[in-house]
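Reproduced below: start04.txt, with compact mmCIF, C-alpha atoms.
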```
# COMPACT_ATOMS: atom_id res chain seq x y z
CA MET A 555 0.00 0.00 0.00
CA LYS A 556 1.20 3.48 -0.75
CA ALA A 557 0.36 6.88 0.60
CA ARG A 558 0.98 10.15 -1.11
CA VAL A 559 1.36 13.24 1.07
CA HIS A 560 0.88 16.65 -0.51
CA LEU A 561 2.46 19.58 1.32
CA MET A 562 1.67 23.20 0.53
CA LEU A 563 2.53 26.45 2.25
CA LYS A 564 -0.58 27.76 3.97
CA THR A 565 -2.57 30.56 2.40
CA GLY A 566 -1.06 33.84 3.51
CA VAL A 567 2.47 32.45 3.88
CA LEU A 568 4.69 34.11 1.30
CA ASP A 569 6.06 31.66 -1.27
CA PRO A 570 9.06 33.44 -2.82
CA GLN A 571 9.94 30.38 -4.93
CA GLY A 572 6.47 30.22 -6.45
CA GLU A 573 6.67 33.95 -7.08
CA ALA A 574 10.01 33.52 -8.89
CA VAL A 575 8.48 30.78 -11.06
CA ARG A 576 5.54 33.07 -11.90
CA HIS A 577 7.95 35.83 -12.95
CA ALA A 578 9.94 33.40 -15.11
CA LEU A 579 6.80 32.13 -16.84
CA GLY A 580 5.77 35.72 -17.58
CA ALA A 581 9.22 36.52 -18.95
CA MET A 582 9.00 33.46 -21.23
CA GLY A 583 5.78 34.76 -22.75
CA PHE A 584 3.24 32.61 -20.90
CA GLU A 585 0.52 35.09 -20.25
CA GLY A 586 -2.27 34.91 -17.74
CA VAL A 587 -0.45 33.12 -14.92
CA LYS A 588 -1.83 35.00 -11.95
CA GLY A 589 -0.07 33.07 -9.24
CA VAL A 590 2.19 30.07 -8.59
CA ARG A 591 2.41 28.15 -5.34
CA GLN A 592 5.06 25.49 -4.99
CA GLY A 593 4.74 22.50 -2.67
CA LYS A 594 6.12 19.01 -2.29
CA VAL A 595 4.91 15.45 -2.60
CA ILE A 596 6.16 12.62 -0.39
CA GLU A 597 5.38 9.01 -1.31
CA LEU A 598 5.38 6.39 1.42
CA ASP A 599 5.56 2.64 0.83
CA LEU A 600 3.59 1.13 3.71
CA ASP A 601 2.56 -2.17 5.30
CA GLU A 602 -0.96 -3.25 4.39
CA ALA A 603 -2.06 -2.57 7.96
CA ALA A 604 -1.19 1.14 7.78
CA THR A 605 -4.11 3.52 7.92
CA GLN A 606 -4.71 7.08 6.85
CA ALA A 607 -4.68 8.04 10.53
CA ASP A 608 -1.13 6.66 10.84
CA VAL A 609 0.04 8.81 7.93
CA GLU A 610 -1.71 11.86 9.36
CA GLU A 611 0.16 11.32 12.63
CA MET A 612 3.43 11.18 10.62
CA CYS A 613 2.47 14.48 9.02
CA GLU A 614 1.74 16.13 12.36
CA LYS A 615 4.97 14.88 13.96
CA LEU A 616 7.50 15.17 11.14
CA LEU A 617 6.46 15.42 7.51
CA ALA A 618 4.70 18.79 7.76
CA ASN A 619 5.52 21.89 9.77
CA THR A 620 1.95 22.87 10.56
CA VAL A 621 3.03 26.40 11.50
CA ILE A 622 3.55 27.12 7.81
CA GLU A 623 2.35 24.08 5.85
CA SER A 624 -0.94 22.33 5.23
CA TYR A 625 -1.03 18.72 4.15
CA SER A 626 -3.38 16.25 2.52
CA VAL A 627 -3.03 12.47 2.50
CA GLU A 628 -4.02 10.24 -0.37
CA MET A 629 -4.01 6.44 0.13
CA VAL A 630 -3.25 4.78 -3.20
CA MET B 1480 28.97 27.82 33.68
CA HIS B 1481 28.91 24.37 32.12
CA ALA B 1482 27.82 24.43 28.48
CA ALA B 1483 27.04 21.55 26.14
CA VAL B 1484 27.27 22.13 22.39
CA VAL B 1485 25.30 19.65 20.27
CA VAL B 1486 26.96 18.29 17.14
CA PHE B 1487 24.75 17.00 14.33
CA PRO B 1488 25.98 15.56 11.05
CA GLY B 1489 26.33 18.75 9.03
CA SER B 1490 26.88 21.16 11.93
CA ASN B 1491 29.67 23.57 11.02
CA CYS B 1492 29.62 26.28 13.71
CA ASP B 1493 29.86 23.92 16.68
CA ARG B 1494 33.52 24.59 17.40
CA ASP B 1495 33.11 28.35 16.88
CA LEU B 1496 30.32 28.35 19.46
CA ALA B 1497 32.44 26.28 21.85
CA VAL B 1498 35.38 28.70 21.46
CA ALA B 1499 33.16 31.72 22.20
CA LEU B 1500 31.64 30.04 25.27
CA LYS B 1501 35.08 28.98 26.54
CA ALA B 1502 36.42 32.51 26.08
CA ALA B 1503 33.61 33.73 28.34
CA GLY B 1504 34.73 31.27 31.00
CA ALA B 1505 32.51 28.24 30.33
CA LYS B 1506 33.46 24.62 30.63
CA VAL B 1507 32.27 23.16 27.33
CA SER B 1508 31.28 19.57 26.53
CA MET B 1509 30.54 18.52 22.96
CA VAL B 1510 27.48 16.27 22.69
CA TRP B 1511 26.78 13.97 19.74
CA HIS B 1512 23.29 13.87 18.22
CA LYS B 1513 22.88 10.17 19.05
CA ASP B 1514 23.64 10.70 22.74
CA THR B 1515 20.65 10.05 24.94
CA ALA B 1516 21.69 12.19 27.90
CA LEU B 1517 23.27 15.58 28.53
CA PRO B 1518 26.40 15.67 30.72
CA GLU B 1519 25.73 16.03 34.44
CA GLY B 1520 25.34 19.62 35.62
CA VAL B 1521 24.89 21.33 32.25
CA ASP B 1522 23.53 24.88 32.60
CA ILE B 1523 23.16 25.77 28.95
CA VAL B 1524 22.88 23.82 25.72
CA GLY B 1525 24.11 25.44 22.51
CA ILE B 1526 22.56 24.35 19.21
CA PRO B 1527 25.04 25.50 16.57
CA GLY B 1528 24.73 26.69 13.01
CA GLY B 1529 25.27 24.53 9.98
CA PHE B 1530 23.23 22.22 7.81
CA SER B 1531 22.09 19.44 10.13
CA TYR B 1532 21.17 16.34 8.12
CA GLY B 1533 21.80 18.28 4.93
CA ASP B 1534 18.66 20.39 5.51
CA TYR B 1535 16.66 17.37 4.31
CA LEU B 1536 12.86 17.67 4.50
CA ARG B 1537 13.06 21.13 6.14
CA CYS B 1538 15.94 22.94 7.83
CA GLY B 1539 16.21 21.54 11.35
CA ALA B 1540 13.31 19.09 11.04
CA ILE B 1541 15.31 15.87 11.30
CA ALA B 1542 17.61 17.28 13.99
CA ALA B 1543 14.57 18.28 16.05
CA ASN B 1544 13.59 14.62 16.22
CA SER B 1545 17.06 13.26 17.03
CA PRO B 1546 17.66 11.46 20.37
CA ILE B 1547 19.62 14.35 21.94
CA CYS B 1548 16.88 16.86 21.12
CA ARG B 1549 14.46 15.01 23.39
CA GLU B 1550 16.96 15.67 26.18
CA VAL B 1551 17.39 19.30 25.13
CA ALA B 1552 13.61 19.77 25.26
CA ALA B 1553 13.49 18.16 28.71
CA HIS B 1554 16.34 20.45 29.85
CA ALA B 1555 14.41 23.51 28.63
CA THR B 1556 11.21 22.28 30.27
CA ARG B 1557 13.11 22.02 33.57
CA GLY B 1558 14.02 25.70 33.18
CA GLY B 1559 17.45 25.11 31.64
CA TYR B 1560 19.05 27.53 29.20
CA VAL B 1561 19.22 26.76 25.47
CA MET B 1562 20.62 28.98 22.74
CA GLY B 1563 20.21 28.17 19.06
CA VAL B 1564 22.13 30.06 16.41
CA CYS B 1565 21.15 29.98 12.72
CA ASN B 1566 20.39 26.30 12.02
CA GLY B 1567 20.07 26.03 15.81
CA PHE B 1568 17.22 28.58 15.71
CA GLN B 1569 15.56 26.51 12.97
CA VAL B 1570 15.91 23.40 15.16
CA LEU B 1571 14.34 25.21 18.13
CA THR B 1572 11.30 26.28 16.10
CA GLU B 1573 10.95 22.73 14.74
CA THR B 1574 11.00 21.31 18.29
CA GLY B 1575 8.36 23.83 19.31
CA LEU B 1576 10.57 25.32 22.04
CA LEU B 1577 10.23 28.63 20.19
CA PRO B 1578 7.22 29.73 18.12
CA GLY B 1579 7.13 30.38 14.38
CA ALA B 1580 9.22 29.04 11.50
CA LEU B 1581 12.10 30.14 9.27
CA LEU B 1582 11.14 30.39 5.61
CA ARG B 1583 13.30 30.75 2.50
CA ASN B 1584 14.79 34.27 2.25
CA ALA B 1585 12.39 36.58 0.43
CA GLY B 1586 15.05 37.35 -2.20
CA LEU B 1587 15.70 33.59 -2.64
CA LYS B 1588 19.45 34.08 -2.28
CA TYR B 1589 21.77 32.71 0.36
CA ILE B 1590 23.04 35.78 2.22
CA CYS B 1591 26.43 35.91 3.92
CA LYS B 1592 27.33 39.34 5.27
CA THR B 1593 27.59 41.39 8.42
CA VAL B 1594 24.35 43.13 9.32
CA GLY B 1595 23.24 45.68 11.89
CA LEU B 1596 21.18 44.28 14.76
CA LYS B 1597 19.16 46.41 17.13
CA VAL B 1598 18.98 45.10 20.67
CA ALA B 1599 15.23 44.97 21.27
CA THR B 1600 15.32 43.95 24.93
CA ALA B 1601 18.00 43.89 27.60
CA ASP B 1602 15.73 41.84 29.85
CA SER B 1603 17.35 38.43 29.42
CA ASP B 1604 20.54 36.74 30.53
CA TYR B 1605 21.66 36.83 26.88
CA THR B 1606 21.10 40.52 26.19
CA SER B 1607 21.66 42.16 29.59
CA GLY B 1608 25.16 43.23 28.52
CA TYR B 1609 23.72 45.53 25.85
CA SER B 1610 21.53 48.58 26.18
CA VAL B 1611 18.11 48.57 24.54
CA GLY B 1612 18.28 50.22 21.15
CA ALA B 1613 22.03 49.65 20.77
CA VAL B 1614 23.04 48.61 17.26
CA ILE B 1615 25.63 45.84 17.00
CA ASP B 1616 27.31 44.34 13.95
CA ILE B 1617 26.89 40.57 13.66
CA PRO B 1618 27.24 38.34 10.58
CA ILE B 1619 24.43 36.33 9.04
CA ALA B 1620 24.93 33.34 6.74
CA HIS B 1621 21.68 31.66 5.78
CA HIS B 1622 19.26 30.73 3.02
CA ASP B 1623 16.24 30.21 5.25
CA GLY B 1624 16.19 33.00 7.80
CA ASN B 1625 12.91 34.67 6.95
CA TYR B 1626 11.10 34.55 10.29
CA TYR B 1627 7.41 33.78 10.00
CA ALA B 1628 4.70 33.50 12.63
CA ASP B 1629 0.99 34.29 12.53
CA ALA B 1630 -0.15 37.79 13.52
CA ASP B 1631 -1.26 36.71 17.00
CA THR B 1632 2.15 35.20 17.74
CA ILE B 1633 3.99 38.31 16.52
CA ALA B 1634 1.74 40.48 18.71
CA GLN B 1635 2.39 38.18 21.68
CA LEU B 1636 6.17 38.38 21.14
CA HIS B 1637 5.89 42.18 21.14
CA ASP B 1638 3.59 42.30 24.17
CA GLU B 1639 5.79 39.98 26.22
CA ASP B 1640 9.00 41.78 25.18
CA ARG B 1641 10.35 38.51 23.76
CA ILE B 1642 11.98 39.91 20.62
CA ALA B 1643 15.70 39.86 21.41
CA PHE B 1644 17.13 41.40 18.22
CA THR B 1645 15.75 43.04 15.09
CA TYR B 1646 17.52 43.81 11.79
CA THR B 1647 18.23 47.48 11.14
CA ASP B 1648 17.96 46.75 7.40
CA ASN B 1649 15.85 43.60 6.94
CA PRO B 1650 17.90 41.29 4.67
CA ASN B 1651 15.55 38.32 4.36
CA GLY B 1652 11.92 39.42 4.63
CA ALA B 1653 11.54 38.42 8.30
CA GLN B 1654 8.29 39.56 9.86
CA ALA B 1655 8.65 42.58 12.14
CA ASP B 1656 12.39 42.56 11.21
CA ILE B 1657 12.85 39.75 13.74
CA ALA B 1658 16.38 38.33 13.99
CA GLY B 1659 16.07 36.59 17.36
CA ILE B 1660 13.43 35.70 19.95
CA LEU B 1661 13.14 34.43 23.52
CA SER B 1662 10.97 31.79 25.16
CA PRO B 1663 8.32 32.84 27.72
CA ASN B 1664 10.78 32.22 30.61
CA ARG B 1665 13.48 34.14 28.64
CA ARG B 1666 15.94 31.24 28.94
CA VAL B 1667 15.68 29.89 25.40
CA LEU B 1668 17.12 32.16 22.71
CA GLY B 1669 16.98 31.55 18.97
CA MET B 1670 18.70 33.91 16.56
CA MET B 1671 19.73 33.75 12.90
CA PRO B 1672 22.86 35.97 13.18
CA HIS B 1673 26.09 34.47 14.52
CA PRO B 1674 27.39 36.20 17.69
CA GLU B 1675 30.15 33.56 17.92
CA ARG B 1676 31.57 34.95 14.68
CA MET B 1677 32.11 38.39 16.28
CA ALA B 1678 33.73 37.21 19.48
CA ASP B 1679 37.44 37.84 18.94
CA PRO B 1680 39.39 40.82 17.58
CA LEU B 1681 40.64 38.55 14.80
CA HIS B 1682 37.01 38.12 13.66
CA GLY B 1683 37.00 41.79 12.71
CA GLY B 1684 34.76 42.79 15.59
CA THR B 1685 33.77 41.82 19.12
CA ASP B 1686 30.11 42.87 19.29
CA GLY B 1687 29.10 39.28 20.12
CA VAL B 1688 31.29 39.04 23.23
CA ALA B 1689 28.80 40.83 25.51
CA LEU B 1690 26.23 38.10 24.89
CA PHE B 1691 28.52 35.31 26.07
CA ARG B 1692 29.85 37.37 28.98
CA ALA B 1693 26.35 38.24 30.18
CA LEU B 1694 25.43 34.57 30.04
CA ALA B 1695 28.55 33.55 31.94
CA GLY B 1696 27.85 36.22 34.55
CA ALA B 1697 24.28 35.00 35.03
CA LEU B 1698 25.24 31.33 35.18
CA VAL B 1699 28.39 31.62 37.26
CA THR B 1700 26.61 30.51 40.41
CA ALA B 1701 24.15 28.19 38.71
```
Show me the file's structure as structure tokens.
Amino acid sequence: MKARVHLMLKTGVLDPQGEAVRHALGAMGFEGVKGVRQGKVIELDLDEAATQADVEEMCEKLLANTVIESYSVEMV
Amino acid sequence: MHAAVVVFPGSNCDRDLAVALKAAGAKVSMVWHKDTALPEGVDIVGIPGGFSYGDYLRCGAIAANSPICREVAAHATRGGYVMGVCNGFQVLTETGLLPGALLRNAGLKYICKTVGLKVATADSDYTSGYSVGAVIDIPIAHHDGNYYADADTIAQLHDEDRIAFTYTDNPNGAQADIAGILSPNRRVLGMMPHPERMADPLHGGTDGVALFRALAGALVTA
């Protein structure tokens, strides 16, 4: 069983990397990109017994810094 | 004063911090990240700058969950002193001993230069050797030093006089120009600038010395 964890900076937290990507896209001629937010994806290879609650606990304790990041867990 | 300086894989300011503490009169023990106890009688733990665990996942995140950090947290909870510089500040926010987080610098660049710091409070055993409002020159060297906390936390830091240092010319986008903060009991300090790199005339300045001396003075009988 696998889990996929999506991490994004919370709304309101400045994302200077996303902003730099937005600028670059504009400079390359891609018009109409109003905003870019950059996050990360972590894939976990898990025992069959693992539950979504287990992964959420991993997020709370290590994978996400909930001061600045929000996370979502996808069991796949 | 007995100080312990924690060494993680990737720490690179551990010996500088030890030298500065020794110069102020401390006995210094180096502690490895896998150790499960602090030396007997330690008054203050120093978490040094560097790139613990290669900054994997997030700066300081893996270090904050290392065996020794459980002991550092217990030491702080008992009322012990802890100072984290640069990566050490990042570790302290990741452990939750200090509020907020350190984001990527607003300009995206790694910045290594000497900056002006305003002493925002003299009410701590770290800053009592300075006068409030004094400007000192201390180097920064970081990629992720952009202090972030929600508005309520920033207001609380202001209200409780827990901002230790602010930048005179904000280099990294930090909220409220914050360069360093204190815990509620004023015994845990986290700061991005490196006072241990301005602690000897050969460093080009000695503005960091007063911090270590004040600490040694406060902890001499501890």
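With atom CA of Leu1636 of chain B on one side and atom CA of Gly1612 of chain B on the other, the separation reads 16.9 Å.
Proximity ranking of B:Leu1690, B:Met1562, B:Leu1517, B:Ile1526 relative to Cys1492 of chain B places B:Ile1526 first, based on only C-alpha atoms.
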Pull out every residue of chain B sitting within 8 Å of chain A, counting all atoms listed in the file, and send them as a PDB file with C-alpha atoms, keeping the file's coordinate frame.
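Wrote result-v5.pdb, looks like this:
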```pdb
ATOM      1  CA  LEU B1536      12.860  17.670   4.500  1.00  0.00           C
ATOM      2  CA  ALA B1540      13.310  19.090  11.040  1.00  0.00           C
ATOM      3  CA  ILE B1541      15.310  15.870  11.300  1.00  0.00           C
ATOM      4  CA  ASN B1544      13.590  14.620  16.220  1.00  0.00           C
ATOM      5  CA  GLU B1573      10.950  22.730  14.740  1.00  0.00           C
ATOM      6  CA  GLY B1579       7.130  30.380  14.380  1.00  0.00           C
ATOM      7  CA  ALA B1580       9.220  29.040  11.500  1.00  0.00           C
ATOM      8  CA  ARG B1583      13.300  30.750   2.500  1.00  0.00           C
ATOM      9  CA  ASN B1584      14.790  34.270   2.250  1.00  0.00           C
ATOM     10  CA  ALA B1585      12.390  36.580   0.430  1.00  0.00           C
ATOM     11  CA  GLY B1586      15.050  37.350  -2.200  1.00  0.00           C
ATOM     12  CA  LEU B1587      15.700  33.590  -2.640  1.00  0.00           C
ATOM     13  CA  TYR B1627       7.410  33.780  10.000  1.00  0.00           C
ATOM     14  CA  ALA B1628       4.700  33.500  12.630  1.00  0.00           C
TER      15      ALA B1628
END
```
- Item | Residue neighbourhood segment 576-578 of chain A, 8 Å, all atoms listed in the file, exclusion window fewer than 3 positions, as a PyMOL selection string | chain A and resi 572-573+581-582+587-590
Would you export the selected residues with C-alpha atoms as a PDB file, in the frame of the given file, please?
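And here's out09.pdb as it stands now:
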```
ATOM      1  CA  GLY A 572       6.470  30.220  -6.450  1.00  0.00           C
ATOM      2  CA  GLU A 573       6.670  33.950  -7.080  1.00  0.00           C
ATOM      3  CA  ALA A 581       9.220  36.520 -18.950  1.00  0.00           C
ATOM      4  CA  MET A 582       9.000  33.460 -21.230  1.00  0.00           C
ATOM      5  CA  VAL A 587      -0.450  33.120 -14.920  1.00  0.00           C
ATOM      6  CA  LYS A 588      -1.830  35.000 -11.950  1.00  0.00           C
ATOM      7  CA  GLY A 589      -0.070  33.070  -9.240  1.00  0.00           C
ATOM      8  CA  VAL A 590       2.190  30.070  -8.590  1.00  0.00           C
TER       9      VAL A 590
END
```
Cut-off 10 Å: closest segment 1551-1650 of chain B/segment 1691-1695 of chain B atom pairs per residue, using all atoms listed in the file, as a Markdown table:
```
| residue | atom | partner | partner_atom | distance |
| --- | --- | --- | --- | --- |
| B:Tyr1560 | CA | B:Leu1694 | CA | 9.5 |
| B:Ser1603 | CA | B:Leu1694 | CA | 9.0 |
| B:Asp1604 | CA | B:Leu1694 | CA | 5.4 |
| B:Tyr1605 | CA | B:Leu1694 | CA | 5.4 |
| B:Thr1606 | CA | B:Ala1693 | CA | 7.0 |
| B:Ser1607 | CA | B:Ala1693 | CA | 6.1 |
| B:Gly1608 | CA | B:Ala1693 | CA | 5.4 |
| B:Tyr1609 | CA | B:Ala1693 | CA | 8.9 |
```
- In file coordinates, which residues lie within 9 Å of (7.5, 4.6, 0.2) using all atoms listed in the file, given as JSON, numbers by chain? {"A": [555, 556, 557, 558, 596, 597, 598, 599, 600]}
